[in-house]
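Source file: entry.tsv; contents: TSV, C-alpha atoms.
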```tsv
chain	number	residue	atom	x	y	z
H	11	MET	CA	-38.52	45.94	-101.68
H	12	ASP	CA	-37.02	43.69	-104.28
H	13	ARG	CA	-34.06	46.01	-104.88
H	14	PRO	CA	-31.39	46.76	-102.27
H	15	PHE	CA	-31.21	50.22	-100.75
H	16	LYS	CA	-27.95	51.76	-101.94
H	17	ARG	CA	-27.11	55.35	-102.80
H	18	VAL	CA	-27.22	56.28	-106.50
H	19	LYS	CA	-24.37	58.74	-106.98
H	20	LYS	CA	-25.04	59.59	-110.64
H	21	ALA	CA	-28.57	60.81	-109.87
H	22	ALA	CA	-27.56	62.52	-106.64
H	23	TRP	CA	-28.28	66.11	-105.69
H	24	LEU	CA	-26.33	65.76	-102.46
H	25	GLY	CA	-25.39	62.24	-101.48
H	26	GLY	CA	-27.74	60.05	-103.49
H	27	VAL	CA	-29.80	58.90	-100.50
H	28	CYS	CA	-33.17	60.02	-101.88
H	29	ALA	CA	-32.40	58.64	-105.33
H	30	GLY	CA	-31.38	55.29	-103.84
H	31	LEU	CA	-34.45	55.12	-101.62
H	32	ALA	CA	-36.71	55.97	-104.56
H	33	TYR	CA	-35.09	53.23	-106.64
H	34	ALA	CA	-35.40	50.67	-103.83
H	35	ILE	CA	-39.12	51.24	-103.26
H	36	GLY	CA	-40.01	52.04	-106.88
H	37	ALA	CA	-41.24	55.59	-106.24
H	38	PRO	CA	-40.49	58.76	-108.22
H	39	THR	CA	-37.33	60.48	-107.02
H	40	TRP	CA	-39.05	63.89	-106.89
H	41	LEU	CA	-41.64	62.49	-104.47
H	42	ILE	CA	-39.01	61.13	-102.06
H	43	ARG	CA	-37.10	64.43	-102.22
H	44	ALA	CA	-40.29	66.40	-101.49
H	45	LEU	CA	-41.18	64.18	-98.53
H	46	TRP	CA	-37.62	64.45	-97.20
H	47	LEU	CA	-37.80	68.23	-97.47
H	48	LEU	CA	-41.05	68.26	-95.51
H	49	LEU	CA	-39.47	66.05	-92.86
H	50	PHE	CA	-36.48	68.38	-92.70
H	51	LEU	CA	-38.50	71.59	-92.50
H	52	GLY	CA	-41.30	70.23	-90.32
H	53	ALA	CA	-39.57	68.17	-87.68
H	54	GLY	CA	-35.96	69.21	-88.24
H	55	ILE	CA	-34.79	65.60	-87.89
H	56	GLY	CA	-34.62	64.94	-91.64
H	57	GLY	CA	-31.18	66.51	-91.97
H	58	LEU	CA	-29.67	64.34	-89.24
H	59	ILE	CA	-31.22	61.17	-90.67
H	60	TYR	CA	-29.97	62.09	-94.15
H	61	ILE	CA	-26.40	62.58	-92.93
H	62	VAL	CA	-26.43	59.27	-91.05
H	63	LEU	CA	-27.77	57.43	-94.12
H	64	TRP	CA	-25.21	59.21	-96.31
H	65	LEU	CA	-22.44	57.80	-94.10
H	66	VAL	CA	-23.89	54.31	-93.56
H	67	VAL	CA	-25.59	53.29	-96.83
H	68	PRO	CA	-23.22	51.90	-99.49
H	69	THR	CA	-23.09	53.27	-103.04
H	70	TRP	CA	-23.97	51.39	-106.21
H	71	PRO	CA	-20.71	50.70	-108.11
H	72	ALA	CA	-22.49	51.88	-111.27
H	73	GLU	CA	-25.97	53.26	-111.89
H	74	PRO	CA	-28.48	50.38	-112.11
H	75	LEU	CA	-29.50	49.67	-115.70
H	76	ASP	CA	-33.23	50.07	-115.00
H	77	TYR	CA	-32.87	53.18	-112.81
H	78	ASP	CA	-34.46	55.62	-115.29
H	79	THR	CA	-37.48	53.43	-115.99
H	80	VAL	CA	-38.29	52.85	-112.31
H	81	THR	CA	-37.91	56.37	-110.90
H	82	ALA	CA	-39.34	58.37	-113.79
```

Spit out the file's structure as structure tokens when you get a sec.
Amino acid sequence: MDRPFKRVKKAAWLGGVCAGLAYAIGAPTWLIRALWLLLFLGAGIGGLIYIVLWLVVPTWPAEPLDYDTVTA
């Protein structure tokens, strides 16, 4: 990971955790959201982890300039 893991508020559906994680690892945002949904529905722990990350992970002050090109 060459980019820091921070929440991306502008691309957020809820808290921007999935968008920030997708940006940090260079994966498509839809893929991270789908995996998170499976974790939430399958194990039930995804919701708790999401809330904790929402509270702990800082937010980007502005959307990163290369956000759209990386997560598309």

- Item | Counting only C-alpha atoms, the option among H:Pro71, H:Arg17, H:Leu41, H:Trp46 closest to H:Ile59 | H:Trp46

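Between atom CA of H:Asp12 and atom CA of H:Ala34 lies a distance of 7.2 Å.
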
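Interatomic distance, atom CA of H:Val66 to atom CA of H:Ala32: 17.0 Å.
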
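Computed from the coordinates, the atom CA of H:Arg43 to atom CA of H:Val18 distance equals 13.5 Å.
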
Please enclose the listed atoms of stretch 21-30 of chain H in an axis-aligned box, pad each side by 4 Å, and write out the centre and the three edge lengths in Å, rounded to one decimal, as JSON.
```
{"center_x": -29.3, "center_y": 60.7, "center_z": -105.2, "size_x": 15.8, "size_y": 18.8, "size_z": 17.4}
```

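Comparing H:Ile42, H:Val62, H:Ala53, H:Gly36 by their smallest distance to H:Pro14, the closest is H:Gly36 (using all atoms listed in the file).
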